[in-house]
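Here is the file final-v4.cif (mmCIF, C-alpha atoms and all ligand atoms).
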```cif
data_query
loop_
_atom_site.label_atom_id
_atom_site.label_comp_id
_atom_site.auth_asym_id
_atom_site.auth_seq_id
_atom_site.Cartn_x
_atom_site.Cartn_y
_atom_site.Cartn_z
CA MET A 1 -1.67 -23.71 8.71
CA ASN A 2 -1.33 -21.65 11.85
CA ARG A 3 -4.97 -21.81 12.80
CA ILE A 4 -7.51 -24.42 11.76
CA LEU A 5 -10.77 -22.80 10.68
CA PHE A 6 -14.11 -24.55 10.72
CA GLU A 7 -17.32 -23.66 8.96
CA THR A 8 -20.25 -23.01 11.31
CA SER A 9 -21.94 -26.02 9.72
CA GLU A 10 -19.09 -28.26 10.94
CA ILE A 11 -19.67 -27.38 14.59
CA CYS A 12 -22.44 -28.98 16.65
CA ASP A 13 -22.72 -28.62 20.44
CA ASP A 14 -19.14 -27.24 20.62
CA ILE A 15 -17.73 -30.24 18.76
CA ALA A 16 -16.18 -29.57 15.36
CA THR A 17 -15.67 -32.43 12.96
CA SER A 18 -13.28 -32.30 10.04
CA GLY A 19 -11.70 -34.64 7.53
CA GLY A 20 -9.54 -33.89 4.48
CA VAL A 21 -6.55 -31.58 4.39
CA ARG A 22 -7.15 -30.05 7.83
CA ALA A 23 -7.37 -33.40 9.61
CA GLU A 24 -4.28 -34.63 7.78
CA HIS A 25 -2.41 -31.47 8.75
CA VAL A 26 -3.34 -31.90 12.40
CA LEU A 27 -2.17 -35.51 12.42
CA ASN A 28 0.86 -35.42 10.14
CA VAL A 29 2.31 -31.96 10.73
CA LEU A 30 1.12 -31.09 14.24
CA HIS A 31 1.35 -34.74 15.38
CA GLY A 32 -2.08 -34.33 16.96
CA GLU A 33 -3.16 -36.64 19.74
CA VAL A 34 -6.31 -36.81 21.83
CA GLY A 35 -6.07 -34.14 24.54
CA GLN A 36 -3.80 -31.85 22.46
CA ARG A 37 -4.84 -28.22 22.08
CA LEU A 38 -4.97 -26.44 18.73
CA LYS A 39 -5.42 -22.85 17.61
CA THR A 40 -8.78 -22.80 15.85
CA GLY A 41 -11.59 -20.50 14.77
CA VAL A 42 -14.77 -20.16 12.76
CA VAL A 43 -14.73 -18.82 9.20
CA ASP A 44 -15.92 -15.21 9.54
CA GLY A 45 -16.42 -15.74 13.27
CA PRO A 46 -14.56 -15.86 16.58
CA ILE A 47 -11.24 -17.58 17.24
CA GLY A 48 -9.79 -19.49 20.18
CA THR A 49 -8.44 -22.90 21.00
CA SER A 50 -9.78 -26.41 20.78
CA GLU A 51 -8.95 -29.73 22.32
CA ILE A 52 -8.76 -32.86 20.22
CA VAL A 53 -11.33 -35.30 21.57
CA GLU A 54 -11.29 -38.02 18.91
CA ILE A 55 -9.18 -39.17 15.99
CA GLN A 56 -10.52 -41.76 13.56
CA SER A 57 -8.19 -43.03 10.90
CA GLY A 58 -9.60 -44.17 7.56
CA ALA A 59 -12.97 -42.62 8.33
CA THR A 60 -13.54 -40.58 5.18
CA ARG A 61 -14.76 -42.05 1.90
CA GLU A 62 -11.23 -41.58 0.54
CA GLY A 63 -9.78 -43.45 3.53
CA GLY A 64 -8.40 -40.34 5.25
CA PRO A 65 -8.60 -39.41 8.93
CA VAL A 66 -11.38 -37.52 10.69
CA ILE A 67 -10.78 -35.45 13.82
CA ARG A 68 -13.21 -34.15 16.42
CA VAL A 69 -12.30 -31.22 18.62
CA ARG A 70 -14.09 -29.45 21.46
CA VAL A 71 -14.02 -25.79 20.52
CA CYS A 72 -13.70 -22.76 22.75
CA HIS A 73 -13.96 -19.72 20.49
CA GLU A 74 -14.29 -16.56 22.53
CA ALA A 75 -11.85 -14.05 21.03
CA ALA A 76 -12.29 -11.73 18.07
CA SER A 77 -9.94 -12.11 15.11
CA LEU A 78 -7.66 -9.31 13.94
CA GLU A 79 -9.65 -7.13 11.56
CA PRO A 80 -8.54 -6.45 7.97
CA TRP A 81 -6.64 -3.17 7.59
CA VAL A 82 -6.71 -2.61 3.83
CA ASP A 83 -9.07 -2.95 0.85
CA LEU A 84 -8.05 -3.41 -2.78
CA VAL A 85 -9.13 -2.10 -6.14
CA LEU A 86 -7.30 -4.62 -8.27
CA ALA A 87 -7.09 -4.80 -12.04
CA PRO A 88 -6.74 -8.57 -12.15
CA PRO A 89 -3.77 -10.42 -13.61
CA ARG A 90 -4.25 -13.75 -15.45
CA PRO A 91 -6.35 -16.32 -13.55
CA ARG A 92 -3.30 -18.52 -12.87
CA VAL A 93 -1.54 -15.62 -11.17
CA MET A 94 -4.72 -14.54 -9.41
CA LYS A 95 -5.09 -18.03 -8.00
CA ARG A 96 -1.65 -17.78 -6.40
CA LEU A 97 -2.32 -14.27 -5.16
CA LEU A 98 -5.71 -14.78 -3.48
CA PRO A 99 -4.58 -16.80 -0.44
CA GLN A 100 -1.80 -14.28 0.16
CA LEU A 101 -4.26 -11.38 0.15
CA ALA A 102 -6.21 -13.10 2.92
CA THR A 103 -3.02 -13.80 4.87
CA LEU A 104 -1.85 -10.19 4.60
CA GLY A 105 -5.07 -8.69 5.99
CA VAL A 106 -7.10 -7.57 2.97
CA GLY A 107 -10.80 -7.04 3.70
CA ARG A 108 -12.60 -6.26 0.46
CA ILE A 109 -11.32 -6.99 -3.02
CA PHE A 110 -12.87 -5.23 -6.01
CA LEU A 111 -11.68 -6.68 -9.32
CA VAL A 112 -12.05 -3.92 -11.88
CA GLY A 113 -12.10 -3.89 -15.68
CA ALA A 114 -9.25 -1.50 -16.40
CA LYS A 115 -8.46 -1.12 -20.13
CA LYS A 116 -5.51 -3.52 -20.18
CA VAL A 117 -7.16 -6.35 -18.24
CA GLU A 118 -7.45 -9.37 -20.54
CA LYS A 119 -11.09 -9.74 -21.56
CA ASP A 120 -11.24 -13.50 -21.05
CA PHE A 121 -10.42 -13.01 -17.38
CA TRP A 122 -14.09 -12.36 -16.70
CA GLY A 123 -15.09 -15.84 -17.79
CA ALA A 124 -12.59 -17.53 -15.47
CA THR A 125 -13.98 -20.33 -13.32
CA LEU A 126 -11.89 -18.88 -10.47
CA LEU A 127 -14.52 -16.16 -10.08
CA LYS A 128 -17.05 -18.67 -8.76
CA PRO A 129 -17.26 -18.53 -4.94
CA GLU A 130 -16.88 -22.30 -4.64
CA ASN A 131 -13.49 -21.94 -6.34
CA TYR A 132 -12.04 -18.83 -4.70
CA ARG A 133 -13.48 -19.24 -1.19
CA PRO A 134 -11.27 -22.22 -0.23
CA LEU A 135 -8.20 -20.28 -1.42
CA LEU A 136 -9.09 -17.35 0.82
CA ILE A 137 -9.71 -19.67 3.78
CA ASP A 138 -6.28 -21.28 3.20
CA GLY A 139 -4.75 -17.81 3.39
CA LEU A 140 -6.58 -17.03 6.63
CA MET A 141 -5.43 -20.31 8.19
CA GLN A 142 -1.86 -19.35 7.31
CA GLY A 143 -2.15 -15.91 8.90
CA GLY A 144 -4.10 -17.10 11.92
CA THR A 145 -7.08 -14.81 11.40
CA SER A 146 -10.69 -15.57 10.49
CA ILE A 147 -12.34 -12.62 8.75
CA LEU A 148 -13.06 -13.80 5.21
CA PRO A 149 -12.22 -11.25 2.50
CA THR A 150 -15.05 -10.46 0.09
CA LEU A 151 -14.50 -10.55 -3.66
CA GLU A 152 -16.57 -8.51 -6.08
CA THR A 153 -16.19 -7.71 -9.75
CA ARG A 154 -16.78 -4.35 -11.45
CA ARG A 155 -16.09 -4.55 -15.16
CA ASN A 156 -17.00 -0.92 -15.73
CA PHE A 157 -14.07 0.81 -14.00
CA ARG A 158 -15.19 4.36 -14.69
CA LYS A 159 -18.72 3.75 -13.45
CA PHE A 160 -17.41 2.04 -10.32
CA LEU A 161 -15.15 4.98 -9.50
CA ASN A 162 -17.66 7.69 -10.31
CA GLU A 163 -20.83 6.17 -8.95
CA GLU A 164 -19.95 3.70 -6.21
CA LEU A 165 -16.54 4.26 -4.69
CA ASP A 166 -17.37 7.18 -2.39
CA ALA A 167 -20.38 5.42 -0.93
CA ILE A 168 -18.48 2.18 -0.30
CA PHE A 169 -15.30 3.81 1.02
CA PRO A 170 -16.21 7.15 2.58
CA GLY A 171 -13.19 8.88 4.05
CA THR A 172 -10.56 6.19 3.47
CA ARG A 173 -6.98 7.04 2.58
CA ARG A 174 -6.53 6.17 -1.08
CA ILE A 175 -3.33 5.18 -2.83
CA VAL A 176 -2.74 4.15 -6.43
CA ALA A 177 0.33 2.03 -7.10
CA HIS A 178 2.10 3.34 -10.18
CA PRO A 179 5.76 2.92 -11.11
CA TYR A 180 5.78 6.42 -12.55
CA ALA A 181 4.95 8.38 -9.45
CA LYS A 182 7.30 11.35 -9.03
CA GLU A 183 8.07 10.34 -5.53
CA SER A 184 6.84 7.78 -3.09
CA SER A 185 6.74 9.95 -0.05
CA VAL A 186 3.03 9.59 0.62
CA ALA A 187 2.77 9.53 4.35
CA VAL A 188 0.99 6.29 4.99
CA SER A 189 0.64 6.50 8.71
CA ARG A 190 -2.90 5.50 9.50
CA ARG A 191 -2.75 7.31 12.81
CA GLU A 192 -3.46 10.54 10.99
CA THR A 193 -6.78 12.25 11.32
CA THR A 194 -8.57 10.12 8.74
CA PRO A 195 -12.06 9.10 9.81
CA ASP A 196 -11.48 5.54 8.61
CA PRO A 197 -8.12 3.99 9.44
CA ARG A 198 -8.38 1.45 6.62
CA LEU A 199 -6.38 2.02 3.45
CA LEU A 200 -7.73 1.65 -0.06
CA LEU A 201 -5.06 0.56 -2.49
CA ALA A 202 -5.43 0.45 -6.29
CA ILE A 203 -3.12 -1.85 -8.27
CA GLY A 204 -2.94 -1.86 -12.05
CA PRO A 205 -3.11 -4.69 -14.60
CA GLU A 206 -0.09 -6.46 -16.07
CA GLY A 207 -0.13 -3.94 -18.93
CA GLY A 208 -0.34 -1.01 -16.50
CA TRP A 209 -2.87 1.76 -15.90
CA THR A 210 -3.62 4.05 -18.84
CA ASP A 211 -2.96 7.79 -18.33
CA GLU A 212 -6.72 8.35 -18.28
CA GLU A 213 -7.19 5.77 -15.55
CA VAL A 214 -4.48 7.30 -13.39
CA ALA A 215 -6.07 10.74 -13.89
CA LEU A 216 -9.46 9.37 -12.90
CA LEU A 217 -8.04 7.74 -9.78
CA GLU A 218 -6.23 10.95 -8.85
CA ALA A 219 -9.47 12.88 -9.30
CA LYS A 220 -10.98 10.49 -6.77
CA GLY A 221 -8.28 11.31 -4.22
CA PHE A 222 -5.86 8.45 -4.84
CA ALA A 223 -2.26 9.53 -4.26
CA ARG A 224 0.34 7.97 -6.56
CA TYR A 225 2.75 5.66 -4.83
CA SER A 226 5.84 4.09 -6.38
CA LEU A 227 8.02 1.29 -5.09
CA GLY A 228 10.85 2.49 -7.30
CA ARG A 229 11.69 2.44 -10.98
CA ARG A 230 11.85 -1.32 -11.32
CA ILE A 231 8.57 -2.60 -12.77
CA LEU A 232 7.16 -5.45 -10.73
CA ARG A 233 4.60 -8.01 -11.79
CA THR A 234 1.12 -7.27 -10.46
CA ASP A 235 1.30 -10.06 -7.88
CA THR A 236 4.80 -9.12 -6.72
CA ALA A 237 3.81 -5.45 -6.56
CA THR A 238 0.68 -6.27 -4.56
CA ILE A 239 2.55 -8.26 -1.94
CA ALA A 240 5.39 -5.74 -1.74
CA LEU A 241 2.91 -2.87 -1.33
CA LEU A 242 0.94 -4.66 1.38
CA ALA A 243 4.15 -5.43 3.25
CA LYS A 244 5.39 -1.88 2.93
CA LEU A 245 2.16 -0.06 3.74
CA ASN A 246 1.19 -2.25 6.66
CA THR A 247 1.40 -0.12 9.75
CA GLU A 248 -0.49 -2.42 12.06
CA ASP A 249 0.84 -2.24 15.55
CA LEU A 250 2.76 -5.36 16.48
N1 LIG B 1 3.97 -1.96 -18.22
C1 LIG B 1 3.22 -1.52 -17.08
C2 LIG B 1 3.65 -2.29 -15.88
C3 LIG B 1 2.53 -2.60 -15.00
S1 LIG B 1 2.99 -3.51 -13.63
C4 LIG B 1 3.40 -0.03 -16.87
O1 LIG B 1 4.26 0.53 -17.53
O2 LIG B 1 2.70 0.61 -16.06
C5 LIG B 1 1.41 -3.83 -12.92
C6 LIG B 1 0.99 -2.95 -11.77
O3 LIG B 1 1.76 -3.26 -10.63
C7 LIG B 1 1.15 -1.46 -11.97
O4 LIG B 1 0.06 -0.88 -12.65
C8 LIG B 1 1.25 -0.95 -10.53
O5 LIG B 1 -0.02 -0.81 -9.94
C9 LIG B 1 2.01 -2.09 -9.86
N2 LIG B 1 3.46 -1.83 -9.88
C10 LIG B 1 4.42 -2.50 -10.56
N3 LIG B 1 5.64 -2.01 -10.31
C11 LIG B 1 5.46 -0.99 -9.45
C12 LIG B 1 6.34 -0.05 -8.82
N4 LIG B 1 7.64 -0.07 -9.03
N5 LIG B 1 5.78 0.88 -8.01
C13 LIG B 1 4.45 0.94 -7.79
N6 LIG B 1 3.59 0.08 -8.37
C14 LIG B 1 4.08 -0.87 -9.18
#
```

Can the structure in the file be given as structure tokens, please?
Ligand code: SAH
Amino acid sequence: MNRILFETSEICDDIATSGGVRAEHVLNVLHGEVGQRLKTGVVDGPIGTSEIVEIQSGATREGGPVIRVRVCHEAASLEPWVDLVLAPPRPRVMKRLLPQLATLGVGRIFLVGAKKVEKDFWGATLLKPENYRPLLIDGLMQGGTSILPTLETRRNFRKFLNEELDAIFPGTRRIVAHPYAKESSVAVSRRETTPDPRLLLAIGPEGGWTDEEVALLEAKGFARYSLGRRILRTDTATIALLAKLNTEDL
């Protein structure tokens, strides 16, 4: 955890109170003491630093510690730089991937029903906000940012592309990850004259995109992009693509 994030509801008169994993991390990993300063922030809000004002051991129902910090959150977090159209892998893989998407700077995630997505994915309990939200917040705390990615599902891929995509992402650069691109020389510099500097990246299911799906994406302005002839798993491909396409200034 490189920044501790609090929910707005946990902050009252500039004092944030937290138990559980975050308090344990502050005490056991950061060796927190009263007076120590921490990097903190508000989920989907500003970031800054806080000072530990109180530590109570054994204060939660489970016998864990509770910390109180005085927050000073005046800076804006780094903004996301990329959005995803993702044909989801199995829930177990998705669960591992979600925190990493938040860490790597993804803003909006659209899970789409491409042909080879397993049908039972859509019944997964992971799709409930109470289950995926904590995973995304974990990823933000790792990366030190606070803008919470949004997650939406669109089972009808064709309808999503034809009827919604242009309104949601007007003028974004669009790239479809596909091992069978002729070449991977798409210039991905976001300093080009695109009206919106954010990228929109489409990643296929474990079984791959169908030819029809690739054609549809290309018709919508997605340029094929290959990482080479080795076929990567969806989660590996996603992380490799985000690392490679990230042109954020350091
Ligand atoms: N058997 C499938 C493999 C799909 S891999 C096929 O033949 O297409 C799952 C997804 O990860 C792909 O649809 C693509 O979006 C991405 N991916 C995997 N390896 C890749 C590579 N070498 N280059 C670009 N994208 C890749």

Which one of A:Ala243, A:Ile175, A:Ala124, A:Ile15 sits closest to Ser226 (chain A) if you count only C-alpha atoms?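 Closest to Ser226 (chain A), using only C-alpha atoms: A:Ile175.
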
Give me the residues of chain A that have any atom at most 10 Å from an atom of ligand LIG 1 (chain B); for each, the nearest atom pair and the distance in Å, rounded to one decimal. Use only C-alpha atoms and all ligand atoms, sort by chain and number, and format it as JSON lines.
```
{"residue": "A:Val85", "atom": "CA", "partner": "B:LIG1", "partner_atom": "O5", "distance": 10.0}
{"residue": "A:Leu86", "atom": "CA", "partner": "B:LIG1", "partner_atom": "O5", "distance": 8.4}
{"residue": "A:Ala87", "atom": "CA", "partner": "B:LIG1", "partner_atom": "O4", "distance": 8.2}
{"residue": "A:Pro88", "atom": "CA", "partner": "B:LIG1", "partner_atom": "C5", "distance": 9.5}
{"residue": "A:Pro89", "atom": "CA", "partner": "B:LIG1", "partner_atom": "C5", "distance": 8.4}
{"residue": "A:Lys116", "atom": "CA", "partner": "B:LIG1", "partner_atom": "C1", "distance": 9.5}
{"residue": "A:Ile175", "atom": "CA", "partner": "B:LIG1", "partner_atom": "O5", "distance": 9.9}
{"residue": "A:Val176", "atom": "CA", "partner": "B:LIG1", "partner_atom": "O5", "distance": 6.7}
{"residue": "A:Ala177", "atom": "CA", "partner": "B:LIG1", "partner_atom": "N6", "distance": 4.0}
{"residue": "A:His178", "atom": "CA", "partner": "B:LIG1", "partner_atom": "N6", "distance": 4.0}
{"residue": "A:Pro179", "atom": "CA", "partner": "B:LIG1", "partner_atom": "N5", "distance": 3.7}
{"residue": "A:Tyr180", "atom": "CA", "partner": "B:LIG1", "partner_atom": "N5", "distance": 7.2}
{"residue": "A:Ala181", "atom": "CA", "partner": "B:LIG1", "partner_atom": "C13", "distance": 7.6}
{"residue": "A:Ser184", "atom": "CA", "partner": "B:LIG1", "partner_atom": "N5", "distance": 8.5}
{"residue": "A:Leu201", "atom": "CA", "partner": "B:LIG1", "partner_atom": "O5", "distance": 9.1}
{"residue": "A:Ala202", "atom": "CA", "partner": "B:LIG1", "partner_atom": "O5", "distance": 6.6}
{"residue": "A:Ile203", "atom": "CA", "partner": "B:LIG1", "partner_atom": "O5", "distance": 3.7}
{"residue": "A:Gly204", "atom": "CA", "partner": "B:LIG1", "partner_atom": "O4", "distance": 3.2}
{"residue": "A:Pro205", "atom": "CA", "partner": "B:LIG1", "partner_atom": "C5", "distance": 4.9}
{"residue": "A:Glu206", "atom": "CA", "partner": "B:LIG1", "partner_atom": "C5", "distance": 4.4}
{"residue": "A:Gly207", "atom": "CA", "partner": "B:LIG1", "partner_atom": "C1", "distance": 4.5}
{"residue": "A:Gly208", "atom": "CA", "partner": "B:LIG1", "partner_atom": "O2", "distance": 3.5}
{"residue": "A:Trp209", "atom": "CA", "partner": "B:LIG1", "partner_atom": "O4", "distance": 5.1}
{"residue": "A:Thr210", "atom": "CA", "partner": "B:LIG1", "partner_atom": "O2", "distance": 7.7}
{"residue": "A:Asp211", "atom": "CA", "partner": "B:LIG1", "partner_atom": "O2", "distance": 9.4}
{"residue": "A:Val214", "atom": "CA", "partner": "B:LIG1", "partner_atom": "O4", "distance": 9.4}
{"residue": "A:Arg224", "atom": "CA", "partner": "B:LIG1", "partner_atom": "C13", "distance": 8.2}
{"residue": "A:Tyr225", "atom": "CA", "partner": "B:LIG1", "partner_atom": "C13", "distance": 5.8}
{"residue": "A:Ser226", "atom": "CA", "partner": "B:LIG1", "partner_atom": "N5", "distance": 3.6}
{"residue": "A:Leu227", "atom": "CA", "partner": "B:LIG1", "partner_atom": "N5", "distance": 3.7}
{"residue": "A:Gly228", "atom": "CA", "partner": "B:LIG1", "partner_atom": "N4", "distance": 4.5}
{"residue": "A:Arg229", "atom": "CA", "partner": "B:LIG1", "partner_atom": "N4", "distance": 5.1}
{"residue": "A:Arg230", "atom": "CA", "partner": "B:LIG1", "partner_atom": "N4", "distance": 5.0}
{"residue": "A:Ile231", "atom": "CA", "partner": "B:LIG1", "partner_atom": "N3", "distance": 3.9}
{"residue": "A:Leu232", "atom": "CA", "partner": "B:LIG1", "partner_atom": "N3", "distance": 3.8}
{"residue": "A:Arg233", "atom": "CA", "partner": "B:LIG1", "partner_atom": "S1", "distance": 5.1}
{"residue": "A:Thr234", "atom": "CA", "partner": "B:LIG1", "partner_atom": "O3", "distance": 4.1}
{"residue": "A:Asp235", "atom": "CA", "partner": "B:LIG1", "partner_atom": "O3", "distance": 7.3}
{"residue": "A:Thr236", "atom": "CA", "partner": "B:LIG1", "partner_atom": "C10", "distance": 7.7}
{"residue": "A:Ala237", "atom": "CA", "partner": "B:LIG1", "partner_atom": "N2", "distance": 4.9}
{"residue": "A:Thr238", "atom": "CA", "partner": "B:LIG1", "partner_atom": "O3", "distance": 6.9}
{"residue": "A:Ala240", "atom": "CA", "partner": "B:LIG1", "partner_atom": "C14", "distance": 9.0}
{"residue": "A:Leu241", "atom": "CA", "partner": "B:LIG1", "partner_atom": "C13", "distance": 7.7}
```

I need the residues from that last selection saved to file as a compact mmCIF listing (two decimals), keeping the file's coordinate frame (with C-alpha atoms), if you can.
```txt
# COMPACT_ATOMS: atom_id res chain seq x y z
CA VAL A 85 -9.13 -2.10 -6.14
CA LEU A 86 -7.30 -4.62 -8.27
CA ALA A 87 -7.09 -4.80 -12.04
CA PRO A 88 -6.74 -8.57 -12.15
CA PRO A 89 -3.77 -10.42 -13.61
CA LYS A 116 -5.51 -3.52 -20.18
CA ILE A 175 -3.33 5.18 -2.83
CA VAL A 176 -2.74 4.15 -6.43
CA ALA A 177 0.33 2.03 -7.10
CA HIS A 178 2.10 3.34 -10.18
CA PRO A 179 5.76 2.92 -11.11
CA TYR A 180 5.78 6.42 -12.55
CA ALA A 181 4.95 8.38 -9.45
CA SER A 184 6.84 7.78 -3.09
CA LEU A 201 -5.06 0.56 -2.49
CA ALA A 202 -5.43 0.45 -6.29
CA ILE A 203 -3.12 -1.85 -8.27
CA GLY A 204 -2.94 -1.86 -12.05
CA PRO A 205 -3.11 -4.69 -14.60
CA GLU A 206 -0.09 -6.46 -16.07
CA GLY A 207 -0.13 -3.94 -18.93
CA GLY A 208 -0.34 -1.01 -16.50
CA TRP A 209 -2.87 1.76 -15.90
CA THR A 210 -3.62 4.05 -18.84
CA ASP A 211 -2.96 7.79 -18.33
CA VAL A 214 -4.48 7.30 -13.39
CA ARG A 224 0.34 7.97 -6.56
CA TYR A 225 2.75 5.66 -4.83
CA SER A 226 5.84 4.09 -6.38
CA LEU A 227 8.02 1.29 -5.09
CA GLY A 228 10.85 2.49 -7.30
CA ARG A 229 11.69 2.44 -10.98
CA ARG A 230 11.85 -1.32 -11.32
CA ILE A 231 8.57 -2.60 -12.77
CA LEU A 232 7.16 -5.45 -10.73
CA ARG A 233 4.60 -8.01 -11.79
CA THR A 234 1.12 -7.27 -10.46
CA ASP A 235 1.30 -10.06 -7.88
CA THR A 236 4.80 -9.12 -6.72
CA ALA A 237 3.81 -5.45 -6.56
CA THR A 238 0.68 -6.27 -4.56
CA ALA A 240 5.39 -5.74 -1.74
CA LEU A 241 2.91 -2.87 -1.33
```

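Considering only C-alpha atoms, the residue among A:Val21, A:Ala223, A:Leu136, A:Ile11 positioned nearest to Ala102 (chain A) is A:Leu136.
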
Coordinates-based distance that separates CA of Lys244 (chain A) from CA of Pro170 (chain A) (Å, one decimal):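 Distance reported for this atom pair: 23.4 Å.
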
What's the separation between CA of Pro134 (chain A) and CA of Pro197 (chain A), in Å to one decimal place?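 Pair CA of Pro134 (chain A) / CA of Pro197 (chain A) returns 28.1 Å.
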
Among the residues A:Gly107, A:Gly41, A:Gly58, A:Pro91, the one that comes closest to Ala75 (chain A) [using all atoms listed in the file]: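 Residue with the minimum atom-to-atom distance to Ala75 (chain A): A:Gly41.
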
Write out as a ChimeraX atom specification each polymer residue whose atoms come within 10 Å of Ile137 (chain A), counting all atoms listed in the file; drop sequence neighbours fewer than 4 positions from it. /A:4-6,43-44,98-99,102-103,132-133,141-143,145-149

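Each of A:Val66, A:Leu151, A:Leu38, A:Val29 was compared to Leu126 (chain A) using all atoms listed in the file, and A:Leu151 turns out to be the nearest.
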
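Taking all atoms listed in the file into account, Gly19 (chain A) lies nearest to A:Glu54 out of the set A:Glu152, A:Glu54, A:Glu33, A:Asp166.
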
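Using only C-alpha atoms for every distance, the candidate list A:Leu78, A:Gly139, A:Glu164, A:Lys220 yields A:Gly139 as the residue closest to Gln100 (chain A).
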
Separation of CA of Leu84 (chain A) and CA of Gly45 (chain A), in Å?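 That distance, rounded to one decimal, is 21.9 Å.
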
Written coordinates, N, CA, C and O atoms of region 157-172 of chain A as a PDB file, in the first residue's frame:
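Output saved as selection-v4.pdb:
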```
ATOM      1  N   PHE A 157     -22.239  -7.203 -27.550  1.00  0.00           N
ATOM      2  CA  PHE A 157     -21.026  -6.539 -28.037  1.00  0.00           C
ATOM      3  C   PHE A 157     -21.316  -5.662 -29.253  1.00  0.00           C
ATOM      4  O   PHE A 157     -20.905  -4.504 -29.328  1.00  0.00           O
ATOM      5  N   ARG A 158     -22.050  -6.240 -30.197  1.00  0.00           N
ATOM      6  CA  ARG A 158     -22.335  -5.530 -31.448  1.00  0.00           C
ATOM      7  C   ARG A 158     -23.145  -4.253 -31.188  1.00  0.00           C
ATOM      8  O   ARG A 158     -22.822  -3.183 -31.707  1.00  0.00           O
ATOM      9  N   LYS A 159     -24.149  -4.387 -30.336  1.00  0.00           N
ATOM     10  CA  LYS A 159     -24.990  -3.236 -30.014  1.00  0.00           C
ATOM     11  C   LYS A 159     -24.163  -2.160 -29.297  1.00  0.00           C
ATOM     12  O   LYS A 159     -24.295  -0.961 -29.576  1.00  0.00           O
ATOM     13  N   PHE A 160     -23.313  -2.587 -28.402  1.00  0.00           N
ATOM     14  CA  PHE A 160     -22.463  -1.637 -27.677  1.00  0.00           C
ATOM     15  C   PHE A 160     -21.593  -0.844 -28.661  1.00  0.00           C
ATOM     16  O   PHE A 160     -21.509   0.381 -28.604  1.00  0.00           O
ATOM     17  N   LEU A 161     -20.968  -1.591 -29.583  1.00  0.00           N
ATOM     18  CA  LEU A 161     -20.077  -0.911 -30.545  1.00  0.00           C
ATOM     19  C   LEU A 161     -20.861   0.014 -31.473  1.00  0.00           C
ATOM     20  O   LEU A 161     -20.475   1.160 -31.694  1.00  0.00           O
ATOM     21  N   ASN A 162     -21.962  -0.495 -31.977  1.00  0.00           N
ATOM     22  CA  ASN A 162     -22.690   0.281 -32.987  1.00  0.00           C
ATOM     23  C   ASN A 162     -23.501   1.430 -32.409  1.00  0.00           C
ATOM     24  O   ASN A 162     -23.644   2.467 -33.031  1.00  0.00           O
ATOM     25  N   GLU A 163     -24.029   1.240 -31.218  1.00  0.00           N
ATOM     26  CA  GLU A 163     -24.972   2.249 -30.712  1.00  0.00           C
ATOM     27  C   GLU A 163     -24.443   3.133 -29.588  1.00  0.00           C
ATOM     28  O   GLU A 163     -24.978   4.191 -29.340  1.00  0.00           O
ATOM     29  N   GLU A 164     -23.401   2.668 -28.883  1.00  0.00           N
ATOM     30  CA  GLU A 164     -22.986   3.442 -27.708  1.00  0.00           C
ATOM     31  C   GLU A 164     -21.571   4.005 -27.773  1.00  0.00           C
ATOM     32  O   GLU A 164     -21.289   5.084 -27.259  1.00  0.00           O
ATOM     33  N   LEU A 165     -20.682   3.232 -28.386  1.00  0.00           N
ATOM     34  CA  LEU A 165     -19.254   3.541 -28.278  1.00  0.00           C
ATOM     35  C   LEU A 165     -18.892   4.976 -28.657  1.00  0.00           C
ATOM     36  O   LEU A 165     -18.176   5.669 -27.925  1.00  0.00           O
ATOM     37  N   ASP A 166     -19.421   5.450 -29.793  1.00  0.00           N
ATOM     38  CA  ASP A 166     -19.024   6.781 -30.266  1.00  0.00           C
ATOM     39  C   ASP A 166     -19.492   7.890 -29.326  1.00  0.00           C
ATOM     40  O   ASP A 166     -18.817   8.905 -29.174  1.00  0.00           O
ATOM     41  N   ALA A 167     -20.627   7.666 -28.689  1.00  0.00           N
ATOM     42  CA  ALA A 167     -21.119   8.688 -27.755  1.00  0.00           C
ATOM     43  C   ALA A 167     -20.288   8.688 -26.473  1.00  0.00           C
ATOM     44  O   ALA A 167     -20.010   9.734 -25.899  1.00  0.00           O
ATOM     45  N   ILE A 168     -19.879   7.499 -26.032  1.00  0.00           N
ATOM     46  CA  ILE A 168     -19.119   7.417 -24.773  1.00  0.00           C
ATOM     47  C   ILE A 168     -17.669   7.851 -24.988  1.00  0.00           C
ATOM     48  O   ILE A 168     -17.075   8.497 -24.136  1.00  0.00           O
ATOM     49  N   PHE A 169     -17.099   7.478 -26.121  1.00  0.00           N
ATOM     50  CA  PHE A 169     -15.689   7.776 -26.383  1.00  0.00           C
ATOM     51  C   PHE A 169     -15.520   8.562 -27.683  1.00  0.00           C
ATOM     52  O   PHE A 169     -14.960   8.054 -28.655  1.00  0.00           O
ATOM     53  N   PRO A 170     -16.012   9.800 -27.719  1.00  0.00           N
ATOM     54  CA  PRO A 170     -15.845  10.549 -28.969  1.00  0.00           C
ATOM     55  C   PRO A 170     -14.373  10.943 -29.130  1.00  0.00           C
ATOM     56  O   PRO A 170     -13.756  11.432 -28.190  1.00  0.00           O
ATOM     57  N   GLY A 171     -13.833  10.642 -30.302  1.00  0.00           N
ATOM     58  CA  GLY A 171     -12.487  11.139 -30.603  1.00  0.00           C
ATOM     59  C   GLY A 171     -11.334  10.507 -29.858  1.00  0.00           C
ATOM     60  O   GLY A 171     -10.251  11.069 -29.818  1.00  0.00           O
ATOM     61  N   THR A 172     -11.533   9.339 -29.234  1.00  0.00           N
ATOM     62  CA  THR A 172     -10.364   8.708 -28.587  1.00  0.00           C
ATOM     63  C   THR A 172      -9.589   7.885 -29.602  1.00  0.00           C
ATOM     64  O   THR A 172     -10.154   7.406 -30.588  1.00  0.00           O
TER      65      THR A 172
END
```
